[in-house]
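Visitor: Attaching a single structure in structure tokens format; questions to follow.
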Amino acid sequence: MSIRAVLFDLYGTLINIETNEEMEEIYRGISHYLTYHRVFMNRREVRERYFAILKEGKRQSPERYPEIDVEAIWHTLLVQENSKPLKGRGKLARELARLHRGLSRTRLERYDGVKRILKSVQESYRMATVSDAQRCFALPEMRALGIKKYFDVRVISGDYGYRKPDPRLFTMAAEQLEVAPHETIYVGNDMYRDIYGAQQAGMKTIFVDSNQGSKSYNDVVPDYYARDLYQVLDGIGFLALKHADGDD
């Protein structure tokens, strides 16, 4: 059997991002915006309520690796404040989720060579992204950076209530691509969430040493170690040849 698909992590692997949800100005801005919708909360109340709902959601989750739904958090806050008719809450919750993300973001850019690498991989393999993220801002950020078009299959943890290293996310992507896990390579920058998770799903792995992510986890060893994103193509070629030769 040959390698038929390559899956990519998003943040820290393809997208160089930095966020800080602790900044007071985030919640000041949201507080001011909420007044346009007849919701009157000061920045401290907004911040405390947001994190309280988030914490309670994780506490109640039955999942081993629980994931939040930021739109649901803001929707819950709006319900608690008895704001807007029911039909308007969903739209406003999405607006608040994106506003929160935008205000907390201090960096958003592609790593060097991303588009060149994706285009090259696309010529020979099926592709998907498996990311711990929220759909409401992950897809717009991918579009803004010009990489959304490379991925018809996008498995995003916020849609499912659990996150990496849960192997279900990885196997879900393989199923949607109609390939087996052992025919798949996963590329990521976090030894625990990406490499360990993908290996639990039965995939080959390439670890990319970026400026983000955990560099080690117990005795986990990737199938290929890339010092930077440019070495990913070498890693794919190496693993594809090794797999074709039957050396697992």
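Within each chain, counting starts at residue 1; across the structure tokens, chains are named A, B, ... in the order shown, with ligands numbered 1 upward in that order.
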Using only C-alpha atoms, which protein or nucleic acid residues come within 10 Å of A:Tyr224? Drop anything in the same chain fewer than 2 positions from it, and give the result as a PyMOL selection string.
Guide: chain A and resi 187+204-208+221-222+226-227+231-232+234-236+238-239
Visitor: Please save all heavy atoms of the selected residues as a CSV table (one decimal), in the first residue's frame.
Guide:
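Wrote it out as selection03.csv, contents follow:
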chain,number,residue,atom,x,y,z
A,187,VAL,N,1.0,16.0,9.7
A,187,VAL,CA,2.0,16.9,9.9
A,187,VAL,C,1.6,17.9,11.0
A,187,VAL,O,0.6,18.6,10.9
A,187,VAL,CB,2.4,17.7,8.6
A,187,VAL,CG1,3.5,18.7,8.9
A,187,VAL,CG2,2.7,16.8,7.5
A,204,LYS,N,1.2,7.8,10.1
A,204,LYS,CA,2.6,8.2,10.1
A,204,LYS,C,2.6,9.6,10.5
A,204,LYS,O,1.7,10.4,10.3
A,204,LYS,CB,3.2,8.0,8.7
A,204,LYS,CG,3.2,6.5,8.2
A,204,LYS,CD,3.9,5.6,9.2
A,204,LYS,CE,3.9,4.1,8.6
A,204,LYS,NZ,4.5,3.2,9.6
A,205,THR,N,3.7,10.1,11.1
A,205,THR,CA,3.8,11.5,11.6
A,205,THR,C,5.0,12.2,11.2
A,205,THR,O,6.1,11.6,11.1
A,205,THR,CB,3.6,11.5,13.1
A,205,THR,OG1,4.7,10.7,13.7
A,205,THR,CG2,2.3,10.9,13.5
A,206,ILE,N,4.9,13.5,11.0
A,206,ILE,CA,6.0,14.4,10.8
A,206,ILE,C,5.9,15.5,11.8
A,206,ILE,O,4.9,16.2,11.8
A,206,ILE,CB,6.0,15.0,9.3
A,206,ILE,CG1,6.2,13.9,8.3
A,206,ILE,CG2,7.1,16.1,9.2
A,206,ILE,CD1,6.2,14.4,6.9
A,207,PHE,N,6.9,15.7,12.6
A,207,PHE,CA,6.9,16.7,13.6
A,207,PHE,C,7.6,17.9,13.0
A,207,PHE,O,8.8,17.8,12.5
A,207,PHE,CB,7.6,16.3,14.9
A,207,PHE,CG,7.8,17.4,15.9
A,207,PHE,CD1,6.7,17.8,16.7
A,207,PHE,CD2,9.0,18.1,16.0
A,207,PHE,CE1,6.8,18.8,17.6
A,207,PHE,CE2,9.1,19.1,17.0
A,207,PHE,CZ,8.0,19.5,17.8
A,208,VAL,N,7.0,19.1,13.0
A,208,VAL,CA,7.6,20.3,12.5
A,208,VAL,C,8.0,21.2,13.8
A,208,VAL,O,7.2,21.6,14.6
A,208,VAL,CB,6.6,21.2,11.7
A,208,VAL,CG1,7.3,22.4,11.2
A,208,VAL,CG2,6.2,20.3,10.5
A,221,VAL,N,8.0,9.4,19.6
A,221,VAL,CA,9.0,9.8,18.6
A,221,VAL,C,8.2,9.8,17.3
A,221,VAL,O,7.6,8.9,16.9
A,221,VAL,CB,10.1,8.7,18.5
A,221,VAL,CG1,11.1,9.1,17.4
A,221,VAL,CG2,10.8,8.6,19.9
A,222,PRO,N,8.4,11.0,16.5
A,222,PRO,CA,7.7,11.0,15.2
A,222,PRO,C,8.4,10.2,14.2
A,222,PRO,O,9.6,9.8,14.4
A,222,PRO,CB,7.9,12.5,14.9
A,222,PRO,CG,9.1,12.9,15.6
A,222,PRO,CD,9.1,12.2,16.9
A,226,ALA,N,11.2,17.3,11.2
A,226,ALA,CA,11.5,18.4,10.3
A,226,ALA,C,11.9,19.6,11.1
A,226,ALA,O,11.1,20.1,11.9
A,226,ALA,CB,10.3,18.7,9.4
A,227,ARG,N,13.1,20.1,10.8
A,227,ARG,CA,13.6,21.3,11.5
A,227,ARG,C,12.8,22.6,11.2
A,227,ARG,O,12.7,23.5,12.0
A,227,ARG,CB,15.1,21.6,11.2
A,227,ARG,CG,16.0,20.5,11.8
A,227,ARG,CD,17.4,21.0,11.7
A,227,ARG,NE,17.8,21.3,10.4
A,227,ARG,CZ,18.4,20.3,9.5
A,227,ARG,NH1,18.5,19.1,9.9
A,227,ARG,NH2,18.7,20.7,8.3
A,231,GLN,N,11.3,21.3,5.3
A,231,GLN,CA,11.7,19.9,5.3
A,231,GLN,C,10.5,18.9,5.3
A,231,GLN,O,10.7,17.7,5.2
A,231,GLN,CB,12.6,19.6,6.6
A,231,GLN,CG,14.0,20.2,6.5
A,231,GLN,CD,14.9,19.6,7.6
A,231,GLN,OE1,14.4,19.2,8.7
A,231,GLN,NE2,16.1,19.5,7.3
A,232,VAL,N,9.3,19.4,5.3
A,232,VAL,CA,8.2,18.6,5.3
A,232,VAL,C,8.1,17.8,4.0
A,232,VAL,O,7.8,16.6,4.0
A,232,VAL,CB,6.9,19.4,5.5
A,232,VAL,CG1,5.6,18.6,5.2
A,232,VAL,CG2,6.8,19.9,7.0
A,234,ASP,N,10.6,16.7,2.2
A,234,ASP,CA,11.5,15.7,2.3
A,234,ASP,C,11.0,14.5,3.1
A,234,ASP,O,11.1,13.3,2.8
A,234,ASP,CB,12.8,16.2,2.9
A,234,ASP,CG,13.6,17.1,2.0
A,234,ASP,OD1,13.4,17.1,0.8
A,234,ASP,OD2,14.4,17.9,2.5
A,235,GLY,N,10.3,14.9,4.2
A,235,GLY,CA,9.7,13.9,5.1
A,235,GLY,C,8.6,13.1,4.5
A,235,GLY,O,8.6,11.9,4.6
A,236,ILE,N,7.8,13.8,3.7
A,236,ILE,CA,6.7,13.0,3.0
A,236,ILE,C,7.3,12.1,2.0
A,236,ILE,O,6.9,10.9,1.9
A,236,ILE,CB,5.8,14.0,2.3
A,236,ILE,CG1,5.0,14.8,3.3
A,236,ILE,CG2,4.8,13.3,1.3
A,236,ILE,CD1,4.2,16.0,2.7
A,238,PHE,N,10.3,10.7,2.1
A,238,PHE,CA,11.0,9.6,2.8
A,238,PHE,C,10.0,8.6,3.3
A,238,PHE,O,10.1,7.4,3.1
A,238,PHE,CB,11.7,10.2,4.0
A,238,PHE,CG,12.2,9.2,5.0
A,238,PHE,CD1,13.4,8.5,4.7
A,238,PHE,CD2,11.6,8.9,6.2
A,238,PHE,CE1,13.9,7.5,5.6
A,238,PHE,CE2,12.1,8.0,7.1
A,238,PHE,CZ,13.2,7.3,6.8
A,239,LEU,N,8.9,9.0,3.9
A,239,LEU,CA,7.9,8.1,4.5
A,239,LEU,C,7.1,7.4,3.4
A,239,LEU,O,6.7,6.2,3.5
A,239,LEU,CB,6.9,8.9,5.4
A,239,LEU,CG,7.5,9.4,6.7
A,239,LEU,CD1,6.5,10.2,7.5
A,239,LEU,CD2,8.1,8.3,7.5
Visitor: Select from stretch 53-133 of chain A everything DSSP, run on the backbone, classes as helix (DSSP H, G or I), then give the selection as a PyMOL selection string.
Guide: chain A and resi 53-60+70-80+86-104+114-122
Visitor: Neighbours of A:Ala93 within 7 Å (only C-alpha atoms; same-chain residues fewer than 4 positions away dropped), as a PyMOL selection string?
Guide: chain A and resi 71+74-75+89+97
Visitor: Restricting the output to C-alpha atoms, write the selected residues as a short mmCIF file (atom, residue, chain, number, x, y, z; two decimals), in the first residue's frame.
Guide:
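Now in result-v4.cif:
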data_model
loop_
_atom_site.label_atom_id
_atom_site.label_comp_id
_atom_site.auth_asym_id
_atom_site.auth_seq_id
_atom_site.Cartn_x
_atom_site.Cartn_y
_atom_site.Cartn_z
CA GLU A 71 -20.38 30.63 20.01
CA TRP A 74 -21.58 33.81 24.10
CA HIS A 75 -25.04 32.46 23.40
CA ARG A 89 -29.03 35.48 19.60
CA ALA A 97 -17.02 35.09 19.12
#
Visitor: Residues within 7 Å of A:Gly202, please, as a list in words. Count only C-alpha atoms; anything in the same chain fewer than 4 positions from it doesn't count.
Guide: Pro181, His182 and Ala198 of chain A
Visitor: Taking 2 positions as the minimum chain separation for residues in the same chain, which residues sit within 8 Å of stretch 5-9 of chain A when counting only C-alpha atoms? Answer as a PDB file with N, CA, C and O atoms, in the first residue's frame.
Guide:
ATOM      1  N   ILE A   3       1.258   5.690   0.448  1.00  0.00           N
ATOM      2  CA  ILE A   3       0.716   6.863   1.140  1.00  0.00           C
ATOM      3  C   ILE A   3      -0.201   7.595   0.163  1.00  0.00           C
ATOM      4  O   ILE A   3       0.191   7.917  -0.957  1.00  0.00           O
ATOM      5  N   TYR A  11      -2.764  25.757  13.294  1.00  0.00           N
ATOM      6  CA  TYR A  11      -2.081  26.797  14.073  1.00  0.00           C
ATOM      7  C   TYR A  11      -0.774  26.269  14.671  1.00  0.00           C
ATOM      8  O   TYR A  11      -0.738  25.234  15.315  1.00  0.00           O
ATOM      9  N   GLY A  12       0.292  27.005  14.419  1.00  0.00           N
ATOM     10  CA  GLY A  12       1.609  26.584  14.876  1.00  0.00           C
ATOM     11  C   GLY A  12       2.345  25.744  13.855  1.00  0.00           C
ATOM     12  O   GLY A  12       3.546  25.510  13.988  1.00  0.00           O
ATOM     13  N   THR A  13       1.620  25.282  12.827  1.00  0.00           N
ATOM     14  CA  THR A  13       2.228  24.492  11.759  1.00  0.00           C
ATOM     15  C   THR A  13       2.190  25.251  10.438  1.00  0.00           C
ATOM     16  O   THR A  13       3.217  25.463   9.800  1.00  0.00           O
ATOM     17  N   LEU A  14       0.999  25.670  10.023  1.00  0.00           N
ATOM     18  CA  LEU A  14       0.841  26.462   8.812  1.00  0.00           C
ATOM     19  C   LEU A  14       0.651  27.948   9.120  1.00  0.00           C
ATOM     20  O   LEU A  14       1.123  28.806   8.371  1.00  0.00           O
ATOM     21  N   VAL A 121       2.267  19.424  -2.319  1.00  0.00           N
ATOM     22  CA  VAL A 121       1.641  18.231  -1.743  1.00  0.00           C
ATOM     23  C   VAL A 121       0.335  17.916  -2.458  1.00  0.00           C
ATOM     24  O   VAL A 121       0.008  16.752  -2.732  1.00  0.00           O
ATOM     25  N   TYR A 125      -1.140  14.131  -3.425  1.00  0.00           N
ATOM     26  CA  TYR A 125      -1.864  13.514  -2.313  1.00  0.00           C
ATOM     27  C   TYR A 125      -3.187  14.228  -2.024  1.00  0.00           C
ATOM     28  O   TYR A 125      -3.338  15.415  -2.305  1.00  0.00           O
ATOM     29  N   ARG A 126      -4.104  13.475  -1.447  1.00  0.00           N
ATOM     30  CA  ARG A 126      -5.304  14.086  -0.899  1.00  0.00           C
ATOM     31  C   ARG A 126      -4.908  14.823   0.385  1.00  0.00           C
ATOM     32  O   ARG A 126      -4.001  14.396   1.097  1.00  0.00           O
ATOM     33  N   MET A 127      -5.617  15.907   0.662  1.00  0.00           N
ATOM     34  CA  MET A 127      -5.216  16.746   1.788  1.00  0.00           C
ATOM     35  C   MET A 127      -6.409  17.120   2.657  1.00  0.00           C
ATOM     36  O   MET A 127      -7.528  17.282   2.178  1.00  0.00           O
ATOM     37  N   ALA A 128      -6.114  17.282   3.945  1.00  0.00           N
ATOM     38  CA  ALA A 128      -7.115  17.763   4.892  1.00  0.00           C
ATOM     39  C   ALA A 128      -6.390  18.473   6.018  1.00  0.00           C
ATOM     40  O   ALA A 128      -5.170  18.316   6.189  1.00  0.00           O
ATOM     41  N   THR A 129      -7.130  19.264   6.777  1.00  0.00           N
ATOM     42  CA  THR A 129      -6.569  19.847   7.989  1.00  0.00           C
ATOM     43  C   THR A 129      -7.357  19.332   9.180  1.00  0.00           C
ATOM     44  O   THR A 129      -8.584  19.165   9.106  1.00  0.00           O
ATOM     45  N   VAL A 130      -6.658  19.040  10.262  1.00  0.00           N
ATOM     46  CA  VAL A 130      -7.266  18.641  11.529  1.00  0.00           C
ATOM     47  C   VAL A 130      -6.754  19.622  12.568  1.00  0.00           C
ATOM     48  O   VAL A 130      -5.559  19.644  12.876  1.00  0.00           O
ATOM     49  N   SER A 131      -7.643  20.448  13.083  1.00  0.00           N
ATOM     50  CA  SER A 131      -7.206  21.570  13.913  1.00  0.00           C
ATOM     51  C   SER A 131      -8.049  21.719  15.169  1.00  0.00           C
ATOM     52  O   SER A 131      -9.267  21.539  15.151  1.00  0.00           O
ATOM     53  N   ALA A 173     -11.034  12.561   9.580  1.00  0.00           N
ATOM     54  CA  ALA A 173     -10.480  13.180   8.381  1.00  0.00           C
ATOM     55  C   ALA A 173     -10.124  12.125   7.341  1.00  0.00           C
ATOM     56  O   ALA A 173     -10.385  12.292   6.139  1.00  0.00           O
ATOM     57  N   ALA A 174      -9.528  11.020   7.793  1.00  0.00           N
ATOM     58  CA  ALA A 174      -9.175   9.943   6.871  1.00  0.00           C
ATOM     59  C   ALA A 174     -10.422   9.363   6.210  1.00  0.00           C
ATOM     60  O   ALA A 174     -10.438   9.097   5.000  1.00  0.00           O
ATOM     61  N   LEU A 177     -11.704  11.577   3.521  1.00  0.00           N
ATOM     62  CA  LEU A 177     -10.837  11.517   2.338  1.00  0.00           C
ATOM     63  C   LEU A 177     -10.890  10.151   1.661  1.00  0.00           C
ATOM     64  O   LEU A 177     -10.291   9.964   0.604  1.00  0.00           O
ATOM     65  N   VAL A 179      -9.549   7.306   2.766  1.00  0.00           N
ATOM     66  CA  VAL A 179      -8.257   6.617   2.867  1.00  0.00           C
ATOM     67  C   VAL A 179      -8.186   5.956   4.239  1.00  0.00           C
ATOM     68  O   VAL A 179      -8.913   6.324   5.162  1.00  0.00           O
ATOM     69  N   GLU A 183      -2.494   4.782   5.517  1.00  0.00           N
ATOM     70  CA  GLU A 183      -2.120   5.366   4.233  1.00  0.00           C
ATOM     71  C   GLU A 183      -1.950   6.881   4.342  1.00  0.00           C
ATOM     72  O   GLU A 183      -1.854   7.562   3.333  1.00  0.00           O
ATOM     73  N   THR A 184      -1.884   7.359   5.578  1.00  0.00           N
ATOM     74  CA  THR A 184      -1.957   8.798   5.832  1.00  0.00           C
ATOM     75  C   THR A 184      -0.770   9.282   6.652  1.00  0.00           C
ATOM     76  O   THR A 184      -0.329   8.615   7.575  1.00  0.00           O
ATOM     77  N   ILE A 185      -0.295  10.482   6.308  1.00  0.00           N
ATOM     78  CA  ILE A 185       0.747  11.160   7.085  1.00  0.00           C
ATOM     79  C   ILE A 185       0.115  12.382   7.739  1.00  0.00           C
ATOM     80  O   ILE A 185      -0.627  13.129   7.097  1.00  0.00           O
ATOM     81  N   TYR A 186       0.416  12.572   9.019  1.00  0.00           N
ATOM     82  CA  TYR A 186      -0.053  13.779   9.702  1.00  0.00           C
ATOM     83  C   TYR A 186       1.138  14.671  10.030  1.00  0.00           C
ATOM     84  O   TYR A 186       2.154  14.208  10.552  1.00  0.00           O
ATOM     85  N   VAL A 187       0.989  15.969   9.730  1.00  0.00           N
ATOM     86  CA  VAL A 187       2.049  16.948   9.941  1.00  0.00           C
ATOM     87  C   VAL A 187       1.608  17.931  11.020  1.00  0.00           C
ATOM     88  O   VAL A 187       0.579  18.595  10.878  1.00  0.00           O
ATOM     89  N   GLY A 188       2.381  18.028  12.105  1.00  0.00           N
ATOM     90  CA  GLY A 188       2.004  18.934  13.182  1.00  0.00           C
ATOM     91  C   GLY A 188       3.186  19.388  14.005  1.00  0.00           C
ATOM     92  O   GLY A 188       4.285  18.844  13.882  1.00  0.00           O
ATOM     93  N   ASN A 189       2.956  20.373  14.855  1.00  0.00           N
ATOM     94  CA  ASN A 189       4.046  20.998  15.615  1.00  0.00           C
ATOM     95  C   ASN A 189       4.014  20.681  17.108  1.00  0.00           C
ATOM     96  O   ASN A 189       4.866  21.173  17.856  1.00  0.00           O
ATOM     97  N   ASP A 194      -0.551  16.599  18.480  1.00  0.00           N
ATOM     98  CA  ASP A 194      -0.464  16.223  17.070  1.00  0.00           C
ATOM     99  C   ASP A 194       0.142  14.838  16.853  1.00  0.00           C
ATOM    100  O   ASP A 194      -0.496  13.948  16.288  1.00  0.00           O
TER     101      ASP A 194
END
Visitor: For A:Glu141, which residue out of A:Ile117, A:Leu77, A:Val220, A:Leu108 is the nearest one, using only C-alpha atoms?
Guide: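 Of the candidates, the smallest distance to A:Glu141 is held by A:Leu108.
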Visitor: Do you have the atom CA of A:Leu10-atom CA of A:Ala52 distance handy?
Guide: 27.6 Å
Visitor: Quick one: residues within 10 Å of A:Phe137, only C-alpha atoms, excluding same-chain residues fewer than 4 positions away - as a list in words?
Guide: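 Once the nearby chain positions are removed, what remains is Arg94, Ala97, Arg98, Leu99, Arg101, Gly102, Ala133, Glu141, Met142 and Arg143 of chain A.
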Visitor: Quick one: residues within 10 Å of A:Glu22, only C-alpha atoms, excluding same-chain residues fewer than 3 positions away - as a list of chain:residue names?
Guide: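 Counting only the stated atoms, we get A:Thr19, A:Glu25, A:Ile26, A:Tyr27, A:Arg47, A:Ser104.
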Visitor: Once you have the residues from the selection above, write them out as a CSV table (one decimal), in the first residue's frame, restricted to N, CA, C and O atoms.
Guide:
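Wrote out-v5.csv, looks like this:
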chain,number,residue,atom,x,y,z
A,19,THR,N,-2.3,34.8,20.4
A,19,THR,CA,-3.4,35.4,21.0
A,19,THR,C,-3.2,35.5,22.5
A,19,THR,O,-2.4,34.8,23.1
A,25,GLU,N,-8.5,45.1,27.5
A,25,GLU,CA,-9.1,45.9,26.5
A,25,GLU,C,-10.1,45.0,25.6
A,25,GLU,O,-11.0,45.6,25.0
A,26,ILE,N,-9.9,43.7,25.6
A,26,ILE,CA,-10.8,42.8,24.9
A,26,ILE,C,-12.2,43.0,25.4
A,26,ILE,O,-13.2,43.2,24.7
A,27,TYR,N,-12.3,42.9,26.7
A,27,TYR,CA,-13.6,42.9,27.4
A,27,TYR,C,-14.2,44.3,27.5
A,27,TYR,O,-15.4,44.4,27.5
A,47,ARG,N,-15.8,39.7,31.3
A,47,ARG,CA,-14.7,38.7,31.4
A,47,ARG,C,-15.0,37.6,32.4
A,47,ARG,O,-14.8,36.4,32.1
A,104,SER,N,-8.3,39.7,20.7
A,104,SER,CA,-7.3,38.9,21.4
A,104,SER,C,-6.1,38.6,20.6
A,104,SER,O,-5.1,38.2,21.1
Visitor: Per DSSP on the backbone, filter stretch 148-242 of chain A down to the residues in strand (DSSP E or B) and report them as a tab-separated table (two decimals) with C-alpha atoms, in the first residue's frame.
Guide:
chain	number	residue	atom	x	y	z
A	153	VAL	CA	-11.86	18.49	4.19
A	154	ARG	CA	-11.51	20.50	7.38
A	155	VAL	CA	-11.96	18.74	10.71
A	156	ILE	CA	-12.26	21.39	13.42
A	162	TYR	CA	-13.46	17.15	21.94
A	184	THR	CA	-1.96	8.80	5.83
A	185	ILE	CA	0.75	11.16	7.09
A	186	TYR	CA	-0.05	13.78	9.70
A	187	VAL	CA	2.05	16.95	9.94
A	188	GLY	CA	2.00	18.93	13.18
A	204	LYS	CA	2.58	8.17	10.11
A	205	THR	CA	3.75	11.47	11.55
A	206	ILE	CA	6.01	14.41	10.76
A	207	PHE	CA	6.91	16.75	13.59
A	208	VAL	CA	7.61	20.35	12.55
A	224	TYR	CA	10.16	12.11	10.68
A	225	TYR	CA	11.55	15.22	12.37
A	226	ALA	CA	11.48	18.41	10.29
Visitor: Could you check which of A:His37, A:Ile147, A:His243, A:Tyr196 is closest to A:Gly88, using only C-alpha atoms?
Guide: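 Going through A:His37, A:Ile147, A:His243, A:Tyr196 one by one, the smallest distance to A:Gly88 is for A:His37.
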Visitor: Mind pulling up the distance from atom CA of A:Tyr65 to atom CA of A:Pro165?
Guide: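 Separation of atom CA of A:Pro165 and atom CA of A:Tyr65: 7.5 Å.
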Visitor: From the options A:Leu78, A:Leu229, A:Val39, A:Leu103, which residue's atoms come nearest to A:Glu18, counting only C-alpha atoms?
Guide: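 Checking each candidate against A:Glu18, we get A:Leu103 as the closest.
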Visitor: Quick one: of A:Lys91, A:Lys215, A:Arg105, A:Lys164, who's nearest to A:Arg193, counting only C-alpha atoms?
Guide: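 With only C-alpha atoms as the atom set, the closest residue is A:Lys164.
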